[in-house]
>>> print(open('my_file-v9.cif').read())   # mmCIF, C-alpha atoms, pLDDT in the B column; chains and numbers go by the auth columns
data_my_file
loop_
_atom_site.group_PDB
_atom_site.id
_atom_site.type_symbol
_atom_site.label_atom_id
_atom_site.label_comp_id
_atom_site.label_asym_id
_atom_site.label_seq_id
_atom_site.Cartn_x
_atom_site.Cartn_y
_atom_site.Cartn_z
_atom_site.B_iso_or_equiv
_atom_site.auth_seq_id
_atom_site.auth_asym_id
ATOM 1 C CA MET A 1 -46.595 -18.220 15.679 44.00 265 A
ATOM 2 C CA LEU A 2 -43.740 -18.562 13.180 40.00 266 A
ATOM 3 C CA SER A 3 -42.055 -21.909 12.786 43.00 267 A
ATOM 4 C CA ARG A 4 -38.308 -22.285 13.232 41.00 268 A
ATOM 5 C CA VAL A 5 -37.919 -22.664 9.448 38.00 269 A
ATOM 6 C CA ALA A 6 -39.846 -19.440 8.844 41.00 270 A
ATOM 7 C CA ILE A 7 -37.780 -17.594 11.458 37.00 271 A
ATOM 8 C CA GLY A 8 -34.574 -18.886 9.875 40.00 272 A
ATOM 9 C CA SER A 9 -35.701 -17.796 6.403 41.00 273 A
ATOM 10 C CA LEU A 10 -36.626 -14.333 7.716 37.00 274 A
ATOM 11 C CA ALA A 11 -33.230 -13.979 9.408 38.00 275 A
ATOM 12 C CA LEU A 12 -31.445 -14.944 6.168 35.00 276 A
ATOM 13 C CA ALA A 13 -33.501 -12.429 4.191 38.00 277 A
ATOM 14 C CA LEU A 14 -32.690 -9.630 6.654 34.00 278 A
ATOM 15 C CA PHE A 15 -29.006 -10.634 6.605 33.00 279 A
ATOM 16 C CA ALA A 16 -28.897 -10.490 2.792 36.00 280 A
ATOM 17 C CA ALA A 17 -30.736 -7.138 2.706 37.00 281 A
ATOM 18 C CA SER A 18 -28.198 -5.621 5.096 34.00 282 A
ATOM 19 C CA GLY A 19 -25.410 -6.140 2.561 35.00 283 A
ATOM 20 C CA CYS A 20 -23.267 -7.885 5.174 33.00 284 A
ATOM 21 C CA THR A 21 -20.706 -10.300 3.780 30.00 285 A
ATOM 22 C CA ASP A 22 -19.744 -13.673 5.165 32.00 286 A
ATOM 23 C CA SER A 23 -16.419 -12.304 6.391 32.00 287 A
ATOM 24 C CA GLN A 24 -18.159 -9.464 8.237 31.00 288 A
ATOM 25 C CA ALA A 25 -20.565 -11.861 9.874 32.00 289 A
ATOM 26 C CA GLN A 26 -17.773 -14.153 11.024 32.00 290 A
ATOM 27 C CA ALA A 27 -15.745 -11.226 12.325 35.00 291 A
ATOM 28 C CA GLY A 28 -18.642 -9.971 14.406 35.00 292 A
ATOM 29 C CA PRO A 29 -20.566 -6.684 14.441 35.00 293 A
ATOM 30 C CA GLY A 30 -18.580 -3.549 13.722 35.00 294 A
ATOM 31 C CA ALA A 31 -15.537 -5.477 12.471 34.00 295 A
ATOM 32 C CA SER A 32 -13.962 -4.885 9.078 34.00 296 A
ATOM 33 C CA PRO A 33 -13.793 -7.755 6.619 36.00 297 A
ATOM 34 C CA LYS A 34 -10.442 -9.494 6.642 38.00 298 A
ATOM 35 C CA PRO A 35 -8.145 -8.653 3.705 39.00 299 A
ATOM 36 C CA ALA A 36 -7.242 -11.321 1.198 38.00 300 A
ATOM 37 C CA ALA A 37 -4.928 -14.025 2.520 40.00 301 A
ATOM 38 C CA ASP A 38 -1.289 -13.334 1.707 50.00 302 A
ATOM 39 C CA ALA A 39 -0.878 -16.576 -0.216 52.00 303 A
ATOM 40 C CA LYS A 40 -3.808 -15.640 -2.466 62.00 304 A
ATOM 41 C CA ALA A 41 -2.891 -11.982 -2.929 74.00 305 A
ATOM 42 C CA ARG A 42 -2.233 -11.097 -6.545 94.00 306 A
ATOM 43 C CA SER A 43 1.277 -10.111 -7.560 98.00 307 A
ATOM 44 C CA ILE A 44 2.108 -6.544 -8.520 98.00 308 A
ATOM 45 C CA HIS A 45 4.613 -7.955 -11.036 98.00 309 A
ATOM 46 C CA ALA A 46 1.909 -8.133 -13.714 97.00 310 A
ATOM 47 C CA LEU A 47 1.553 -4.331 -13.653 98.00 311 A
ATOM 48 C CA ALA A 48 3.544 -1.437 -15.087 98.00 312 A
ATOM 49 C CA VAL A 49 3.956 2.112 -13.788 98.00 313 A
ATOM 50 C CA LYS A 50 5.601 5.321 -15.022 98.00 314 A
ATOM 51 C CA ARG A 51 8.611 6.944 -13.406 97.00 315 A
ATOM 52 C CA LEU A 52 8.630 10.673 -12.708 96.00 316 A
ATOM 53 C CA ASP A 53 10.466 11.172 -16.011 94.00 317 A
ATOM 54 C CA GLY A 54 7.681 9.372 -17.899 95.00 318 A
ATOM 55 C CA ALA A 55 9.559 6.135 -18.589 97.00 319 A
ATOM 56 C CA ASN A 56 7.434 2.991 -18.412 98.00 320 A
ATOM 57 C CA VAL A 57 8.584 0.528 -15.729 98.00 321 A
ATOM 58 C CA PRO A 58 7.245 -3.039 -15.554 98.00 322 A
ATOM 59 C CA LEU A 59 7.025 -3.966 -11.881 98.00 323 A
ATOM 60 C CA SER A 60 8.304 -7.402 -12.881 98.00 324 A
ATOM 61 C CA SER A 61 11.704 -5.683 -13.046 98.00 325 A
ATOM 62 C CA PHE A 62 11.601 -5.790 -9.222 98.00 326 A
ATOM 63 C CA ALA A 63 10.967 -9.555 -9.080 98.00 327 A
ATOM 64 C CA GLY A 64 13.075 -11.153 -6.367 98.00 328 A
ATOM 65 C CA LYS A 65 13.242 -7.924 -4.358 98.00 329 A
ATOM 66 C CA VAL A 66 11.421 -6.938 -1.182 98.00 330 A
ATOM 67 C CA LEU A 67 9.656 -3.598 -1.655 98.00 331 A
ATOM 68 C CA LEU A 68 8.101 -0.909 0.517 98.00 332 A
ATOM 69 C CA ILE A 69 5.507 1.004 -1.516 99.00 333 A
ATOM 70 C CA VAL A 70 4.573 4.412 -0.098 98.00 334 A
ATOM 71 C CA ASN A 71 2.177 7.148 -1.276 98.00 335 A
ATOM 72 C CA THR A 72 4.190 10.305 -0.687 98.00 336 A
ATOM 73 C CA ALA A 73 3.484 14.043 -0.541 98.00 337 A
ATOM 74 C CA SER A 74 5.719 17.114 -0.319 98.00 338 A
ATOM 75 C CA GLU A 75 3.533 19.330 1.896 98.00 339 A
ATOM 76 C CA CYS A 76 2.344 16.909 4.576 98.00 340 A
ATOM 77 C CA GLY A 77 3.060 16.714 8.278 98.00 341 A
ATOM 78 C CA PHE A 78 4.509 13.261 7.532 98.00 342 A
ATOM 79 C CA THR A 79 6.807 14.533 4.735 98.00 343 A
ATOM 80 C CA PRO A 80 9.907 14.236 6.993 98.00 344 A
ATOM 81 C CA GLN A 81 9.387 10.462 6.736 98.00 345 A
ATOM 82 C CA TYR A 82 11.231 10.772 3.414 98.00 346 A
ATOM 83 C CA ALA A 83 14.423 10.797 5.517 98.00 347 A
ATOM 84 C CA GLY A 84 13.478 7.537 7.240 98.00 348 A
ATOM 85 C CA LEU A 85 12.507 5.923 3.946 98.00 349 A
ATOM 86 C CA GLU A 86 15.857 6.893 2.450 98.00 350 A
ATOM 87 C CA ALA A 87 17.599 5.431 5.523 98.00 351 A
ATOM 88 C CA LEU A 88 15.807 2.105 4.896 98.00 352 A
ATOM 89 C CA GLN A 89 16.882 2.253 1.252 98.00 353 A
ATOM 90 C CA GLU A 90 20.504 2.780 2.184 98.00 354 A
ATOM 91 C CA LYS A 91 20.459 0.089 4.870 98.00 355 A
ATOM 92 C CA TYR A 92 18.845 -2.719 2.891 98.00 356 A
ATOM 93 C CA GLN A 93 19.259 -2.056 -0.839 98.00 357 A
ATOM 94 C CA ALA A 94 22.416 -4.188 -1.125 98.00 358 A
ATOM 95 C CA ARG A 95 20.388 -7.129 0.198 98.00 359 A
ATOM 96 C CA GLY A 96 17.648 -6.835 -2.432 98.00 360 A
ATOM 97 C CA PHE A 97 15.292 -4.206 -1.025 98.00 361 A
ATOM 98 C CA SER A 98 13.875 -0.974 -2.405 98.00 362 A
ATOM 99 C CA VAL A 99 11.428 1.723 -1.402 98.00 363 A
ATOM 100 C CA LEU A 100 9.103 2.783 -4.240 98.00 364 A
ATOM 101 C CA GLY A 101 7.590 6.248 -3.853 98.00 365 A
ATOM 102 C CA PHE A 102 4.267 7.139 -5.459 98.00 366 A
ATOM 103 C CA PRO A 103 3.513 10.854 -5.034 98.00 367 A
ATOM 104 C CA SER A 104 -0.217 11.463 -4.637 98.00 368 A
ATOM 105 C CA ASN A 105 -2.405 14.531 -4.298 98.00 369 A
ATOM 106 C CA ASP A 106 -5.358 12.558 -2.925 98.00 370 A
ATOM 107 C CA PHE A 107 -5.078 13.615 0.720 98.00 371 A
ATOM 108 C CA GLY A 108 -5.405 17.292 1.531 96.00 372 A
ATOM 109 C CA GLY A 109 -4.018 18.364 -1.858 97.00 373 A
ATOM 110 C CA GLN A 110 -0.552 18.037 -0.329 98.00 374 A
ATOM 111 C CA GLU A 111 1.285 17.060 -3.514 98.00 375 A
ATOM 112 C CA PRO A 112 0.471 19.904 -5.945 97.00 376 A
ATOM 113 C CA GLY A 113 3.848 20.056 -7.706 96.00 377 A
ATOM 114 C CA SER A 114 4.916 18.937 -11.161 97.00 378 A
ATOM 115 C CA ALA A 115 7.102 15.884 -11.707 97.00 379 A
ATOM 116 C CA GLU A 116 10.155 18.142 -11.953 97.00 380 A
ATOM 117 C CA GLN A 117 9.276 19.983 -8.741 98.00 381 A
ATOM 118 C CA ILE A 118 8.736 16.712 -6.867 98.00 382 A
ATOM 119 C CA ALA A 119 12.062 15.298 -8.082 97.00 383 A
ATOM 120 C CA THR A 120 13.963 18.458 -7.154 98.00 384 A
ATOM 121 C CA PHE A 121 12.329 18.698 -3.717 98.00 385 A
ATOM 122 C CA CYS A 122 12.985 15.050 -2.814 98.00 386 A
ATOM 123 C CA LYS A 123 16.599 15.116 -3.954 97.00 387 A
ATOM 124 C CA SER A 124 17.579 18.509 -2.511 98.00 388 A
ATOM 125 C CA LYS A 125 15.779 18.268 0.843 98.00 389 A
ATOM 126 C CA TYR A 126 16.022 14.551 1.662 98.00 390 A
ATOM 127 C CA GLY A 127 18.645 13.106 -0.696 98.00 391 A
ATOM 128 C CA VAL A 128 16.121 10.581 -2.006 98.00 392 A
ATOM 129 C CA SER A 129 17.754 7.907 -4.149 98.00 393 A
ATOM 130 C CA PHE A 130 14.935 5.366 -4.288 98.00 394 A
ATOM 131 C CA PRO A 131 12.664 5.246 -7.368 98.00 395 A
ATOM 132 C CA LEU A 132 9.880 7.817 -7.578 98.00 396 A
ATOM 133 C CA PHE A 133 6.935 7.467 -9.930 98.00 397 A
ATOM 134 C CA GLN A 134 4.378 9.757 -11.516 98.00 398 A
ATOM 135 C CA LYS A 135 1.587 11.186 -9.399 97.00 399 A
ATOM 136 C CA THR A 136 -0.819 8.363 -8.692 98.00 400 A
ATOM 137 C CA LYS A 137 -4.500 8.120 -7.803 98.00 401 A
ATOM 138 C CA THR A 138 -4.775 5.895 -4.734 98.00 402 A
ATOM 139 C CA LEU A 139 -8.520 6.139 -4.055 96.00 403 A
ATOM 140 C CA GLY A 140 -11.885 5.960 -5.793 93.00 404 A
ATOM 141 C CA SER A 141 -12.989 4.626 -9.143 92.00 405 A
ATOM 142 C CA GLU A 142 -10.011 6.243 -10.919 94.00 406 A
ATOM 143 C CA ARG A 143 -7.363 4.741 -8.637 97.00 407 A
ATOM 144 C CA ALA A 144 -4.368 3.181 -10.335 98.00 408 A
ATOM 145 C CA PRO A 145 -4.406 -0.608 -10.853 98.00 409 A
ATOM 146 C CA LEU A 146 -1.489 -0.895 -8.406 98.00 410 A
ATOM 147 C CA TYR A 147 -3.462 0.768 -5.635 98.00 411 A
ATOM 148 C CA ALA A 148 -6.564 -1.250 -6.454 97.00 412 A
ATOM 149 C CA LEU A 149 -4.492 -4.401 -5.891 98.00 413 A
ATOM 150 C CA LEU A 150 -2.851 -3.086 -2.706 98.00 414 A
ATOM 151 C CA SER A 151 -6.180 -1.924 -1.281 97.00 415 A
ATOM 152 C CA GLU A 152 -7.843 -5.250 -2.037 96.00 416 A
ATOM 153 C CA ALA A 153 -5.055 -7.135 -0.289 97.00 417 A
ATOM 154 C CA LYS A 154 -4.260 -4.918 2.697 97.00 418 A
ATOM 155 C CA GLY A 155 -6.790 -2.085 2.853 97.00 419 A
ATOM 156 C CA ALA A 156 -6.855 1.338 1.226 98.00 420 A
ATOM 157 C CA PRO A 157 -4.524 4.114 2.386 98.00 421 A
ATOM 158 C CA LYS A 158 -6.084 6.552 4.844 97.00 422 A
ATOM 159 C CA TRP A 159 -3.534 9.359 4.354 98.00 423 A
ATOM 160 C CA ASN A 160 -0.144 10.171 2.847 98.00 424 A
ATOM 161 C CA PHE A 161 2.810 7.888 3.702 98.00 425 A
ATOM 162 C CA HIS A 162 0.789 4.685 4.048 98.00 426 A
ATOM 163 C CA LYS A 163 3.241 1.813 3.676 98.00 427 A
ATOM 164 C CA TYR A 164 2.820 -1.574 1.971 98.00 428 A
ATOM 165 C CA LEU A 165 5.457 -4.297 2.257 98.00 429 A
ATOM 166 C CA ILE A 166 5.747 -6.487 -0.836 98.00 430 A
ATOM 167 C CA ASP A 167 7.421 -9.894 -0.848 98.00 431 A
ATOM 168 C CA LYS A 168 9.861 -11.203 -3.471 98.00 432 A
ATOM 169 C CA ARG A 169 6.983 -12.624 -5.519 98.00 433 A
ATOM 170 C CA GLY A 170 5.245 -9.268 -5.650 98.00 434 A
ATOM 171 C CA ARG A 171 2.539 -10.025 -3.088 98.00 435 A
ATOM 172 C CA PRO A 172 1.473 -7.496 -0.413 98.00 436 A
ATOM 173 C CA VAL A 173 2.248 -9.041 2.996 98.00 437 A
ATOM 174 C CA GLU A 174 2.061 -6.159 5.511 98.00 438 A
ATOM 175 C CA ALA A 175 0.774 -2.585 5.709 98.00 439 A
ATOM 176 C CA TRP A 176 1.252 0.288 8.136 98.00 440 A
ATOM 177 C CA PRO A 177 -0.552 3.632 8.423 98.00 441 A
ATOM 178 C CA SER A 178 1.080 7.035 8.131 98.00 442 A
ATOM 179 C CA SER A 179 1.608 7.300 11.877 98.00 443 A
ATOM 180 C CA VAL A 180 4.037 4.351 11.874 98.00 444 A
ATOM 181 C CA SER A 181 7.520 5.748 11.259 98.00 445 A
ATOM 182 C CA PRO A 182 9.819 4.093 8.716 98.00 446 A
ATOM 183 C CA GLN A 183 12.174 3.616 11.696 97.00 447 A
ATOM 184 C CA ALA A 184 9.601 1.595 13.643 98.00 448 A
ATOM 185 C CA PRO A 185 10.983 -1.781 14.827 98.00 449 A
ATOM 186 C CA GLU A 186 8.049 -3.649 13.315 98.00 450 A
ATOM 187 C CA ILE A 187 8.915 -2.383 9.845 98.00 451 A
ATOM 188 C CA ALA A 188 12.588 -3.333 10.160 98.00 452 A
ATOM 189 C CA SER A 189 11.744 -6.800 11.486 98.00 453 A
ATOM 190 C CA ALA A 190 9.231 -7.411 8.686 98.00 454 A
ATOM 191 C CA ILE A 191 11.769 -6.346 6.046 98.00 455 A
ATOM 192 C CA GLU A 192 14.416 -8.593 7.614 98.00 456 A
ATOM 193 C CA ARG A 193 11.995 -11.521 7.653 98.00 457 A
ATOM 194 C CA GLU A 194 11.080 -11.121 3.980 98.00 458 A
ATOM 195 C CA LEU A 195 14.690 -10.724 2.918 98.00 459 A
ATOM 196 C CA LEU A 196 15.526 -14.084 4.533 97.00 460 A
ATOM 197 C CA LEU A 197 12.697 -15.927 2.772 96.00 461 A
ATOM 198 C CA PRO A 198 13.334 -17.589 -0.605 92.00 462 A
#
>>> encode(input="my_file-v9.cif", output="structure tokens")
Amino acid sequence: MLSRVAIGSLALALFAASGCTDSQAQAGPGASPKPAADAKARSIHALAVKRLDGANVPLSSFAGKVLLIVNTASECGFTPQYAGLEALQEKYQARGFSVLGFPSNDFGGQEPGSAEQIATFCKSKYGVSFPLFQKTKTLGSERAPLYALLSEAKGAPKWNFHKYLIDKRGRPVEAWPSSVSPQAPEIASAIERELLLP
């Protein structure tokens, strides 16, 4: 018969072999590990990205603003959300808010166009005035540093039009899947809350 010590050692060995992390164990079977705590989330302000026109933009230029970062696509069932995103831009930009759009072809190949085609489509069909950036990898080993940071903090996007709310210090604080409309009350209330914080 095995002693209690031996049983405990065997259980620890099996636990380690399973690849389960402490956070998974604490969350219970089948649960996802919790994302990094908001206070410890790294700031996006240390990174730089390129606009659709190729200009380099340090994200520190958005310091002090509340941001909604969205991976967009022109041929997706969620593409009409561009209108809702633009409505948020118009409603809150004077208070220090901006949507940042990152076109991506990662999901269903639904953003096949060139930078010029994307810019023309967004402006002519939805009147987009918020900043748009070059096509961005959001998944896998080649994902952009911005999306590595966002995914680490709040989970990776599952489809086009995944939304990340960023506080004034550049830290991801909330995320919503594609199915949550930009007009959803929870998005408006979260933006309002962050705008009121120092």
>>> closest_residue(input="my_file-v9.cif", among="A:Leu459, A:Ile333, A:Ala305, A:Leu316", to="A:Thr402", atoms="all atoms listed in the file")
A:Ile333
>>> resolve_selection(input="my_file-v9.cif", expression="the PyMOL selection byres ((chain A and resi 346-362) around 7)", output="tab-separated table (two decimals) with C-alpha atoms, in the frame of the given file")
chain	number	residue	atom	x	y	z
A	329	LYS	CA	13.24	-7.92	-4.36
A	330	VAL	CA	11.42	-6.94	-1.18
A	331	LEU	CA	9.66	-3.60	-1.66
A	332	LEU	CA	8.10	-0.91	0.52
A	343	THR	CA	6.81	14.53	4.74
A	344	PRO	CA	9.91	14.24	6.99
A	345	GLN	CA	9.39	10.46	6.74
A	363	VAL	CA	11.43	1.72	-1.40
A	364	LEU	CA	9.10	2.78	-4.24
A	390	TYR	CA	16.02	14.55	1.66
A	392	VAL	CA	16.12	10.58	-2.01
A	393	SER	CA	17.75	7.91	-4.15
A	394	PHE	CA	14.94	5.37	-4.29
A	446	PRO	CA	9.82	4.09	8.72
A	447	GLN	CA	12.17	3.62	11.70
>>> closest_residue(input="my_file-v9.cif", among="A:Asn369, A:Asn320, A:Ser453, A:Ser325", to="A:Phe425", atoms="all atoms listed in the file")
A:Asn369
>>> resolve_selection(input="my_file-v9.cif", expression="the PyMOL selection byres ((chain A and resi 400) around 9)", output="list in words")
Asn335, Phe366, Pro367, Ser368, Asn369, Asp370, Phe397, Gln398, Lys399, Lys401, Thr402, Arg407, Ala408 and Tyr411 of chain A
>>> write_last_selection(input="my_file-v9.cif", atoms="C-alpha atoms", output="PDB file, keeping the file's coordinate frame")
ATOM      1  CA  ASN A 335       2.177   7.148  -1.276  1.00 98.00           C
ATOM      2  CA  PHE A 366       4.267   7.139  -5.459  1.00 98.00           C
ATOM      3  CA  PRO A 367       3.513  10.854  -5.034  1.00 98.00           C
ATOM      4  CA  SER A 368      -0.217  11.463  -4.637  1.00 98.00           C
ATOM      5  CA  ASN A 369      -2.405  14.531  -4.298  1.00 98.00           C
ATOM      6  CA  ASP A 370      -5.358  12.558  -2.925  1.00 98.00           C
ATOM      7  CA  PHE A 397       6.935   7.467  -9.930  1.00 98.00           C
ATOM      8  CA  GLN A 398       4.378   9.757 -11.516  1.00 98.00           C
ATOM      9  CA  LYS A 399       1.587  11.186  -9.399  1.00 97.00           C
ATOM     10  CA  LYS A 401      -4.500   8.120  -7.803  1.00 98.00           C
ATOM     11  CA  THR A 402      -4.775   5.895  -4.734  1.00 98.00           C
ATOM     12  CA  ARG A 407      -7.363   4.741  -8.637  1.00 97.00           C
ATOM     13  CA  ALA A 408      -4.368   3.181 -10.335  1.00 98.00           C
ATOM     14  CA  TYR A 411      -3.462   0.768  -5.635  1.00 98.00           C
TER      15      TYR A 411
END
>>> atom_distance(input="my_file-v9.cif", atom1="atom CA of A:Thr336", atom2="atom CA of A:Leu323")
18.4 Å
